[in-house]
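J.: One structure, pasted below without further comment.
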Amino acid sequence: MKRPLRETLTQPNESFPLGAEIVTSRGIPTSGKDAALETASVLLADERFSYVSITDNPGGNPMLPPDYLAAKLADYAPNVVIHLSCKDFNKAGLESQLWRYAAEGFENILALSGDLPTDGYPVRSTGVFDLDSVGLLAMITAMNSGLPVKNRKQQVVNLPATDFFTGCAVNPFKQNENELVPQYYKLLRKIKAGAKWVLPQLGYDMRKFAEVKTFLEKFNSNVPLIGNVYVLTKTAAEMFNAGVLAGCTVSDGLLADIKKYCAGEDKGKQFFKELAAKQIAVFRGLGFTAAHIGGIAKPESFFEIADLSKQFADDWKTFYNEIQYSDVGTFFYYDAEGRENTVLSQRKRTKNVNLFYRFSRLVHAVAFNRNRALYPVLKSLYRFLKRDKLVCRCVSKTLHLIESSGKNLMYGCSDCGDCGLPDTAYLCPMNSCSKNMRNGPCGGSQNGRCEAGDKNCVWTIAYDRMKYFGEWDDFKDLPPICYNAALKDTSSWANLYLDRDHSR
């Protein structure tokens, strides 16, 4: 009998566990059999694979949900990972999904922010992103502790505790410092919020994978780390290289090699299999806890790569040096000897630290910094304006009009009522980020550009600004920020001074 995934990752033995990523279909199976179910069943019955991991609408395309397939694998529940992303459900929907998983005996969850939707009927749908991955992890942690809720008598009671074993993702395959460092620091926040294991996103530079391990060790985090392997095809490689699928990276150098091998008699099939098997060998040699294989659908292909990786085990150091496909100029947090990049400690002038940002910081320091300058005075004013008198209501509405008009002009404010400007270096997360990310960047940016392709990632700008003023290091210690939709179209100034918003 297989060991549960929780035990496999937290109590490792001499074997090197392998997992398989299973992708469901768009539309119902029509051939009389479900190929994804058949593959998952065969893999779970085989001793070479410890678990299967079921994706949640990868690439933002609507597909059969992962719990559809998971329910058919209920006998293997301790060895099934369900991906849960924030793009299709609000907070209430995510909580409902989690209660369902817990009730059906599924405990392994990969918590993701998720890709921007790319399709839908009749045209592309809107992503929800009421939470991001950090907020989702915090919710799961609260559920594991017995979620406190109010009953009909408005008394706080704790619901039965769940027992989720939750993982998270991180993308180390970033080109620039201001993309990479926020990824790593957000990873620390994910672990603080409750992540128990880590799965890096897809790329083909083993030094980058090793860097994630080094980073976690430097910050005294011993969470299990799972190596991510995707068996490429020429078509997939071209899509990853072009940035079509967020969080999947193929460099120009790797794509050139792939085109060379694909010109051969076998169309590169052997190269792709060996590349995947070599990666697994490197993960094992580096001391990763497990490896995770995706990109293929037939059980025999999974078995072939698993067996081939064992043949390559002794040569992992050679393959580590061989598989280092990063584009020229890619930023590394550590050098080849594991020393921190000296650039990280340098205060660097940047166009992102402009007069407008300096003015915003000054206003915040004078009026919105707790217990300083005008803050106590304004707090008393807003407390006074709470009184149910006509003059108080008129003054409150006037102040709100001044606030919303000014902030809309300066920051594109959407009057959310739970202002995130101070958290994102005065870039409105509701307006400037396609996913409303308040706890750090998603993994989808490419060379500093948002996954949506229409703007620069706000978190690259925020990093430049915070680093310049020596404030970035505090980012990793912030508690999860979850937007309160009840405050929409109310005064964020009033909500700040009256301790209604997330900053309380």
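Ligands are numbered from 1 in the order shown, residues from 1 within each chain, and chains are lettered A, B, ... in the order they appear in the structure tokens.
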Can you list, as a PyMOL selection string, every residue of segment 249-295 of chain A that DSSP puts in helix (DSSP H, G or I)?

T.: chain A and resi 252-262+269-286

J.: Could the residues in this selection be written to a file with N, CA, C and O atoms, as a tab-separated table (two decimals), in the first residue's frame?

T.:
```
chain	number	residue	atom	x	y	z
A	252	ASP	N	15.77	31.19	-25.41
A	252	ASP	CA	16.09	31.15	-26.84
A	252	ASP	C	17.11	30.05	-27.13
A	252	ASP	O	17.04	29.37	-28.17
A	253	GLY	N	18.07	29.86	-26.22
A	253	GLY	CA	19.09	28.83	-26.43
A	253	GLY	C	18.51	27.43	-26.44
A	253	GLY	O	18.87	26.60	-27.28
A	254	LEU	N	17.61	27.15	-25.52
A	254	LEU	CA	16.97	25.84	-25.49
A	254	LEU	C	16.11	25.64	-26.74
A	254	LEU	O	16.13	24.55	-27.33
A	255	LEU	N	15.39	26.67	-27.13
A	255	LEU	CA	14.55	26.53	-28.32
A	255	LEU	C	15.39	26.25	-29.56
A	255	LEU	O	14.99	25.44	-30.41
A	256	ALA	N	16.57	26.86	-29.64
A	256	ALA	CA	17.46	26.59	-30.78
A	256	ALA	C	17.91	25.13	-30.79
A	256	ALA	O	17.92	24.47	-31.85
A	257	ASP	N	18.25	24.58	-29.61
A	257	ASP	CA	18.63	23.17	-29.53
A	257	ASP	C	17.46	22.26	-29.89
A	257	ASP	O	17.63	21.24	-30.57
A	258	ILE	N	16.29	22.62	-29.43
A	258	ILE	CA	15.10	21.81	-29.73
A	258	ILE	C	14.84	21.75	-31.23
A	258	ILE	O	14.55	20.68	-31.78
A	259	LYS	N	14.97	22.87	-31.89
A	259	LYS	CA	14.75	22.89	-33.35
A	259	LYS	C	15.78	22.02	-34.06
A	259	LYS	O	15.47	21.35	-35.05
A	260	LYS	N	17.00	22.01	-33.51
A	260	LYS	CA	18.05	21.17	-34.11
A	260	LYS	C	17.70	19.69	-33.95
A	260	LYS	O	17.78	18.92	-34.92
A	261	TYR	N	17.30	19.29	-32.74
A	261	TYR	CA	16.96	17.89	-32.51
A	261	TYR	C	15.69	17.49	-33.25
A	261	TYR	O	15.56	16.34	-33.70
A	262	CYS	N	14.76	18.39	-33.36
A	262	CYS	CA	13.50	18.08	-34.05
A	262	CYS	C	13.68	17.90	-35.55
A	262	CYS	O	12.80	17.38	-36.23
A	269	LYS	N	12.14	13.22	-30.16
A	269	LYS	CA	11.46	12.50	-29.09
A	269	LYS	C	12.43	12.00	-28.03
A	269	LYS	O	12.18	12.10	-26.82
A	270	GLN	N	13.55	11.44	-28.45
A	270	GLN	CA	14.51	10.91	-27.50
A	270	GLN	C	15.14	12.04	-26.68
A	270	GLN	O	15.36	11.90	-25.47
A	271	PHE	N	15.42	13.16	-27.33
A	271	PHE	CA	15.99	14.30	-26.63
A	271	PHE	C	15.04	14.77	-25.52
A	271	PHE	O	15.49	15.04	-24.39
A	272	PHE	N	13.76	14.86	-25.82
A	272	PHE	CA	12.79	15.32	-24.83
A	272	PHE	C	12.70	14.36	-23.65
A	272	PHE	O	12.63	14.79	-22.49
A	273	LYS	N	12.69	13.06	-23.93
A	273	LYS	CA	12.62	12.07	-22.85
A	273	LYS	C	13.87	12.13	-21.97
A	273	LYS	O	13.78	12.10	-20.74
A	274	GLU	N	15.02	12.21	-22.62
A	274	GLU	CA	16.27	12.24	-21.85
A	274	GLU	C	16.40	13.52	-21.05
A	274	GLU	O	16.90	13.51	-19.92
A	275	LEU	N	15.95	14.64	-21.61
A	275	LEU	CA	16.01	15.91	-20.90
A	275	LEU	C	15.20	15.81	-19.60
A	275	LEU	O	15.66	16.22	-18.53
A	276	ALA	N	14.00	15.24	-19.69
A	276	ALA	CA	13.16	15.08	-18.50
A	276	ALA	C	13.80	14.13	-17.49
A	276	ALA	O	13.83	14.42	-16.28
A	277	ALA	N	14.33	13.01	-17.96
A	277	ALA	CA	14.95	12.04	-17.06
A	277	ALA	C	16.20	12.61	-16.39
A	277	ALA	O	16.46	12.37	-15.21
A	278	LYS	N	16.96	13.40	-17.13
A	278	LYS	CA	18.15	14.03	-16.57
A	278	LYS	C	17.76	15.05	-15.48
A	278	LYS	O	18.44	15.16	-14.45
A	279	GLN	N	16.69	15.78	-15.72
A	279	GLN	CA	16.23	16.73	-14.70
A	279	GLN	C	15.88	16.00	-13.40
A	279	GLN	O	16.22	16.47	-12.30
A	280	ILE	N	15.19	14.89	-13.52
A	280	ILE	CA	14.83	14.12	-12.32
A	280	ILE	C	16.08	13.67	-11.59
A	280	ILE	O	16.16	13.76	-10.35
A	281	ALA	N	17.08	13.22	-12.35
A	281	ALA	CA	18.34	12.79	-11.72
A	281	ALA	C	19.01	13.94	-10.97
A	281	ALA	O	19.54	13.76	-9.87
A	282	VAL	N	18.95	15.13	-11.55
A	282	VAL	CA	19.55	16.30	-10.90
A	282	VAL	C	18.78	16.66	-9.63
A	282	VAL	O	19.38	16.96	-8.60
A	283	PHE	N	17.45	16.62	-9.69
A	283	PHE	CA	16.65	16.93	-8.50
A	283	PHE	C	17.02	15.99	-7.35
A	283	PHE	O	17.16	16.42	-6.20
A	284	ARG	N	17.17	14.74	-7.69
A	284	ARG	CA	17.53	13.77	-6.65
A	284	ARG	C	18.91	14.08	-6.10
A	284	ARG	O	19.13	14.07	-4.89
A	285	GLY	N	19.86	14.39	-6.98
A	285	GLY	CA	21.21	14.69	-6.54
A	285	GLY	C	21.30	15.96	-5.71
A	285	GLY	O	22.10	16.05	-4.79
A	286	LEU	N	20.47	16.95	-6.02
A	286	LEU	CA	20.47	18.22	-5.29
A	286	LEU	C	19.83	18.10	-3.91
A	286	LEU	O	19.95	19.01	-3.09
```

J.: Write out as an mmCIF file with N, CA, C and O atoms, in the first residue's frame the set of residues from segment 24-187 of chain A that DSSP, computed on the backbone, places in strand (DSSP E).

T.:
```cif
data_model
loop_
_atom_site.group_PDB
_atom_site.id
_atom_site.type_symbol
_atom_site.label_atom_id
_atom_site.label_comp_id
_atom_site.auth_asym_id
_atom_site.auth_seq_id
_atom_site.Cartn_x
_atom_site.Cartn_y
_atom_site.Cartn_z
ATOM 1 N N TYR A 51 2.138 9.742 -6.264
ATOM 2 C CA TYR A 51 0.908 10.546 -6.269
ATOM 3 C C TYR A 51 0.600 11.043 -7.674
ATOM 4 O O TYR A 51 1.453 11.001 -8.572
ATOM 5 N N VAL A 52 -0.628 11.500 -7.870
ATOM 6 C CA VAL A 52 -1.001 12.231 -9.074
ATOM 7 C C VAL A 52 -1.505 13.600 -8.647
ATOM 8 O O VAL A 52 -2.059 13.776 -7.560
ATOM 9 N N SER A 53 -1.281 14.567 -9.510
ATOM 10 C CA SER A 53 -1.626 15.958 -9.244
ATOM 11 C C SER A 53 -2.533 16.436 -10.376
ATOM 12 O O SER A 53 -2.154 16.366 -11.546
ATOM 13 N N ILE A 54 -3.730 16.924 -10.039
ATOM 14 C CA ILE A 54 -4.737 17.232 -11.057
ATOM 15 C C ILE A 54 -4.869 18.739 -11.216
ATOM 16 O O ILE A 54 -5.169 19.467 -10.263
ATOM 17 N N VAL A 80 -3.626 11.917 -3.875
ATOM 18 C CA VAL A 80 -4.144 12.778 -4.934
ATOM 19 C C VAL A 80 -3.983 14.230 -4.509
ATOM 20 O O VAL A 80 -4.384 14.609 -3.404
ATOM 21 N N VAL A 81 -3.371 15.044 -5.373
ATOM 22 C CA VAL A 81 -3.235 16.475 -5.137
ATOM 23 C C VAL A 81 -4.235 17.200 -6.031
ATOM 24 O O VAL A 81 -4.270 16.971 -7.243
ATOM 25 N N ILE A 82 -5.037 18.068 -5.430
ATOM 26 C CA ILE A 82 -5.992 18.876 -6.187
ATOM 27 C C ILE A 82 -5.464 20.308 -6.272
ATOM 28 O O ILE A 82 -5.188 20.928 -5.251
ATOM 29 N N HIS A 83 -5.339 20.812 -7.497
ATOM 30 C CA HIS A 83 -4.953 22.216 -7.669
ATOM 31 C C HIS A 83 -6.180 23.083 -7.432
ATOM 32 O O HIS A 83 -7.259 22.808 -7.964
ATOM 33 N N LEU A 84 -6.007 24.138 -6.653
ATOM 34 C CA LEU A 84 -7.106 25.075 -6.398
ATOM 35 C C LEU A 84 -6.587 26.482 -6.657
ATOM 36 O O LEU A 84 -5.688 26.957 -5.982
ATOM 37 N N SER A 85 -7.168 27.145 -7.663
ATOM 38 C CA SER A 85 -6.732 28.495 -8.015
ATOM 39 C C SER A 85 -7.818 29.512 -7.702
ATOM 40 O O SER A 85 -8.996 29.167 -7.525
ATOM 41 N N ASN A 108 -4.712 16.926 0.149
ATOM 42 C CA ASN A 108 -3.550 17.522 -0.514
ATOM 43 C C ASN A 108 -4.000 18.588 -1.504
ATOM 44 O O ASN A 108 -4.655 18.290 -2.506
ATOM 45 N N ILE A 109 -3.638 19.839 -1.236
ATOM 46 C CA ILE A 109 -4.070 20.967 -2.054
ATOM 47 C C ILE A 109 -2.845 21.750 -2.515
ATOM 48 O O ILE A 109 -1.953 22.047 -1.714
ATOM 49 N N LEU A 110 -2.810 22.098 -3.805
ATOM 50 C CA LEU A 110 -1.820 23.040 -4.313
ATOM 51 C C LEU A 110 -2.529 24.376 -4.490
ATOM 52 O O LEU A 110 -3.398 24.521 -5.354
ATOM 53 N N ALA A 111 -2.204 25.351 -3.635
ATOM 54 C CA ALA A 111 -2.889 26.642 -3.612
ATOM 55 C C ALA A 111 -2.215 27.604 -4.583
ATOM 56 O O ALA A 111 -1.022 27.908 -4.452
ATOM 57 N N LEU A 112 -2.981 28.104 -5.554
ATOM 58 C CA LEU A 112 -2.451 28.929 -6.632
ATOM 59 C C LEU A 112 -3.293 30.189 -6.821
ATOM 60 O O LEU A 112 -4.508 30.160 -6.620
ATOM 61 N N PRO A 148 -13.195 30.289 12.747
ATOM 62 C CA PRO A 148 -14.145 31.008 13.606
ATOM 63 C C PRO A 148 -15.211 31.721 12.769
ATOM 64 O O PRO A 148 -14.878 32.474 11.851
ATOM 65 N N VAL A 149 -16.467 31.476 13.057
ATOM 66 C CA VAL A 149 -17.578 32.115 12.354
ATOM 67 C C VAL A 149 -18.637 32.523 13.379
ATOM 68 O O VAL A 149 -18.632 32.063 14.519
ATOM 69 N N LYS A 150 -19.558 33.386 12.956
ATOM 70 C CA LYS A 150 -20.647 33.789 13.832
ATOM 71 C C LYS A 150 -21.884 32.942 13.545
ATOM 72 O O LYS A 150 -22.245 32.727 12.391
ATOM 73 N N VAL A 156 -19.402 33.907 18.314
ATOM 74 C CA VAL A 156 -18.295 33.319 17.562
ATOM 75 C C VAL A 156 -18.109 31.870 17.988
ATOM 76 O O VAL A 156 -17.930 31.574 19.177
ATOM 77 N N VAL A 157 -18.173 30.969 17.017
ATOM 78 C CA VAL A 157 -17.950 29.547 17.266
ATOM 79 C C VAL A 157 -16.914 29.049 16.263
ATOM 80 O O VAL A 157 -16.690 29.658 15.224
ATOM 81 N N ASN A 158 -16.283 27.951 16.584
ATOM 82 C CA ASN A 158 -15.282 27.369 15.692
ATOM 83 C C ASN A 158 -15.860 26.151 14.987
ATOM 84 O O ASN A 158 -16.413 25.254 15.626
ATOM 85 N N PHE A 165 -3.109 19.422 3.720
ATOM 86 C CA PHE A 165 -1.657 19.439 3.556
ATOM 87 C C PHE A 165 -1.403 20.235 2.278
ATOM 88 O O PHE A 165 -1.502 19.715 1.177
ATOM 89 N N THR A 166 -1.088 21.520 2.454
ATOM 90 C CA THR A 166 -1.163 22.470 1.353
ATOM 91 C C THR A 166 0.210 22.854 0.826
ATOM 92 O O THR A 166 1.132 23.149 1.595
ATOM 93 N N GLY A 167 0.323 22.893 -0.491
ATOM 94 C CA GLY A 167 1.551 23.318 -1.141
ATOM 95 C C GLY A 167 1.366 24.630 -1.870
ATOM 96 O O GLY A 167 0.252 25.140 -2.010
ATOM 97 N N CYS A 168 2.479 25.199 -2.334
ATOM 98 C CA CYS A 168 2.438 26.456 -3.075
ATOM 99 C C CYS A 168 3.452 26.407 -4.210
ATOM 100 O O CYS A 168 4.271 25.483 -4.302
ATOM 101 N N ALA A 169 3.412 27.417 -5.063
ATOM 102 C CA ALA A 169 4.322 27.498 -6.205
ATOM 103 C C ALA A 169 5.199 28.735 -6.076
ATOM 104 O O ALA A 169 4.897 29.672 -5.330
ATOM 105 N N VAL A 170 6.304 28.744 -6.816
ATOM 106 C CA VAL A 170 7.170 29.912 -6.931
ATOM 107 C C VAL A 170 7.806 29.864 -8.320
ATOM 108 O O VAL A 170 8.056 28.774 -8.856
#
```

J.: Which residues are close to Ala373 of chain A, i.e. within 12 Å by only C-alpha atoms, leaving aside same-chain residues fewer than 6 positions away? Reply as a PyMOL selection string.

T.: chain A and resi 362-367+379

J.: Which residue is closest to Asn495 of chain A? Choose from A:Arg449, A:Lys87, A:Lys435, A:Lys386 and count only C-alpha atoms.

T.: A:Lys386

J.: Which one is closest to Cys428 of chain A: A:Gly412, A:Gly440, A:Gly287, A:Gly247? Count only C-alpha atoms.

T.: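 Smallest separation from Cys428 of chain A among the options: A:Gly412.
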
J.: What does the distance from atom CA of Arg339 of chain A to atom CA of Asp314 of chain A come to in Å, to one decimal?

T.: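 That distance, rounded to one decimal, is 26.5 Å.
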
J.: To one decimal place in Å, what is the distance between atom CA of Lys208 of chain A and atom CA of Met437 of chain A?

T.: 24.2 Å

J.: Point out the residue among A:Tyr230, A:Lys467, A:Ser15, A:Gly417 with the least atom-to-atom distance to Asp489 of chain A, counting only C-alpha atoms.

T.: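 Looking at the shortest contact to Asp489 of chain A, the residue is A:Gly417.
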
J.: Choose the residue, out of A:Gly19, A:Pro66, A:Gly194, A:Pro422, that has the smallest atom-to-atom separation from Ala138 of chain A; count only C-alpha atoms.

T.: A:Gly194

J.: Using only C-alpha atoms, determine which residues lie at most 7 Å from Gln446 of chain A, disregarding the query and same-chain residues fewer than 4 positions distant; provide the list as number ranges by chain.

T.: A: 243, 450-451

J.: Could you save those same residues with N, CA, C and O atoms as an mmCIF file, in the first residue's frame?

T.:
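Listing of out-v8.cif after writing:
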```cif
data_model
loop_
_atom_site.group_PDB
_atom_site.id
_atom_site.type_symbol
_atom_site.label_atom_id
_atom_site.label_comp_id
_atom_site.auth_asym_id
_atom_site.auth_seq_id
_atom_site.Cartn_x
_atom_site.Cartn_y
_atom_site.Cartn_z
ATOM 1 N N GLY A 243 5.925 33.082 -24.398
ATOM 2 C CA GLY A 243 5.177 33.586 -23.255
ATOM 3 C C GLY A 243 3.689 33.360 -23.343
ATOM 4 O O GLY A 243 2.912 34.022 -22.649
ATOM 5 N N CYS A 450 3.468 42.491 -17.451
ATOM 6 C CA CYS A 450 2.348 41.754 -16.880
ATOM 7 C C CYS A 450 1.962 40.588 -17.777
ATOM 8 O O CYS A 450 2.130 40.623 -18.999
ATOM 9 N N GLU A 451 1.437 39.546 -17.164
ATOM 10 C CA GLU A 451 0.930 38.388 -17.906
ATOM 11 C C GLU A 451 -0.076 38.793 -18.977
ATOM 12 O O GLU A 451 -0.153 38.183 -20.039
#
```

J.: List every residue of segment 430-464 of chain A that has an atom at most 12 Å from any atom of segment 472-475 of chain A, and for each one report the closest atom pair and its distance in Å to one decimal, counting only C-alpha atoms, with rows sorted by chain and then by increasing residue number, as a tab-separated table.

T.:
```
residue	atom	partner	partner_atom	distance
A:Arg438	CA	A:Phe475	CA	11.4
A:Asn439	CA	A:Phe475	CA	8.9
A:Gly440	CA	A:Phe475	CA	8.8
A:Trp459	CA	A:Trp472	CA	11.4
A:Thr460	CA	A:Trp472	CA	11.7
A:Ile461	CA	A:Trp472	CA	11.8
A:Ala462	CA	A:Trp472	CA	9.0
A:Tyr463	CA	A:Trp472	CA	6.7
A:Asp464	CA	A:Trp472	CA	8.7
```

J.: Which of these, A:Ile305, A:Leu187, A:Leu478, A:Ala103, has the shortest distance to Thr162 of chain A once you count only C-alpha atoms?

T.: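 Result for the nearest residue to Thr162 of chain A: A:Ala103.
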
J.: Could you name the residues that touch Glu300 of chain A at 12 Å or less, counting only C-alpha atoms, but leaving out those on the same chain fewer than 3 positions away, as JSON, numbers by chain?

T.: {"A": [38, 39, 40, 42, 43, 46, 48, 296, 297, 303, 304, 305, 306, 307]}

J.: Under the rule that only C-alpha atoms are counted, which of A:Ile191, A:Met206, A:Leu199, A:Leu427 is the nearest residue to Asn220 of chain A?

T.: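 Residue with the minimum atom-to-atom distance to Asn220 of chain A: A:Ile191.
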
J.: I'd like the neighbourhood of Gly60 of chain A as an mmCIF file with N, CA, C and O atoms, in the first residue's frame, where a residue qualifies if any of its atoms comes within 7 Å (using only C-alpha atoms), though same-chain residues fewer than 4 positions away should be ignored.

T.:
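Done, and the output landed in selection_10.cif:
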```
data_model
loop_
_atom_site.group_PDB
_atom_site.id
_atom_site.type_symbol
_atom_site.label_atom_id
_atom_site.label_comp_id
_atom_site.auth_asym_id
_atom_site.auth_seq_id
_atom_site.Cartn_x
_atom_site.Cartn_y
_atom_site.Cartn_z
ATOM 1 N N ASP A 115 -3.925 31.336 -13.538
ATOM 2 C CA ASP A 115 -3.691 32.088 -14.771
ATOM 3 C C ASP A 115 -4.878 33.001 -15.070
ATOM 4 O O ASP A 115 -6.018 32.707 -14.704
ATOM 5 N N LEU A 116 -4.601 34.084 -15.790
ATOM 6 C CA LEU A 116 -5.700 34.894 -16.299
ATOM 7 C C LEU A 116 -6.524 34.058 -17.267
ATOM 8 O O LEU A 116 -5.960 33.322 -18.102
ATOM 9 N N PRO A 117 -7.858 34.109 -17.206
ATOM 10 C CA PRO A 117 -8.675 33.374 -18.174
ATOM 11 C C PRO A 117 -8.338 33.795 -19.601
ATOM 12 O O PRO A 117 -8.136 34.984 -19.875
ATOM 13 N N THR A 118 -8.247 32.817 -20.479
ATOM 14 C CA THR A 118 -7.935 33.108 -21.879
ATOM 15 C C THR A 118 -9.080 32.744 -22.812
ATOM 16 O O THR A 118 -9.015 33.033 -24.005
ATOM 17 N N ASP A 119 -10.114 32.090 -22.286
ATOM 18 C CA ASP A 119 -11.209 31.653 -23.142
ATOM 19 C C ASP A 119 -12.482 31.587 -22.322
ATOM 20 O O ASP A 119 -12.468 31.705 -21.094
#
```

J.: Give me the residues within 10 Å of Val223 of chain A as a PyMOL selection string, counting only C-alpha atoms and dropping any in the same chain fewer than 3 places off.

T.: chain A and resi 9-10+167+191+195-198+213+216-217+220+226+289

J.: Between atom CA of Gly114 of chain A and atom CA of Pro62 of chain A, what distance in Å does the model show, to one decimal?

T.: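 It comes out at 12.4 Å.
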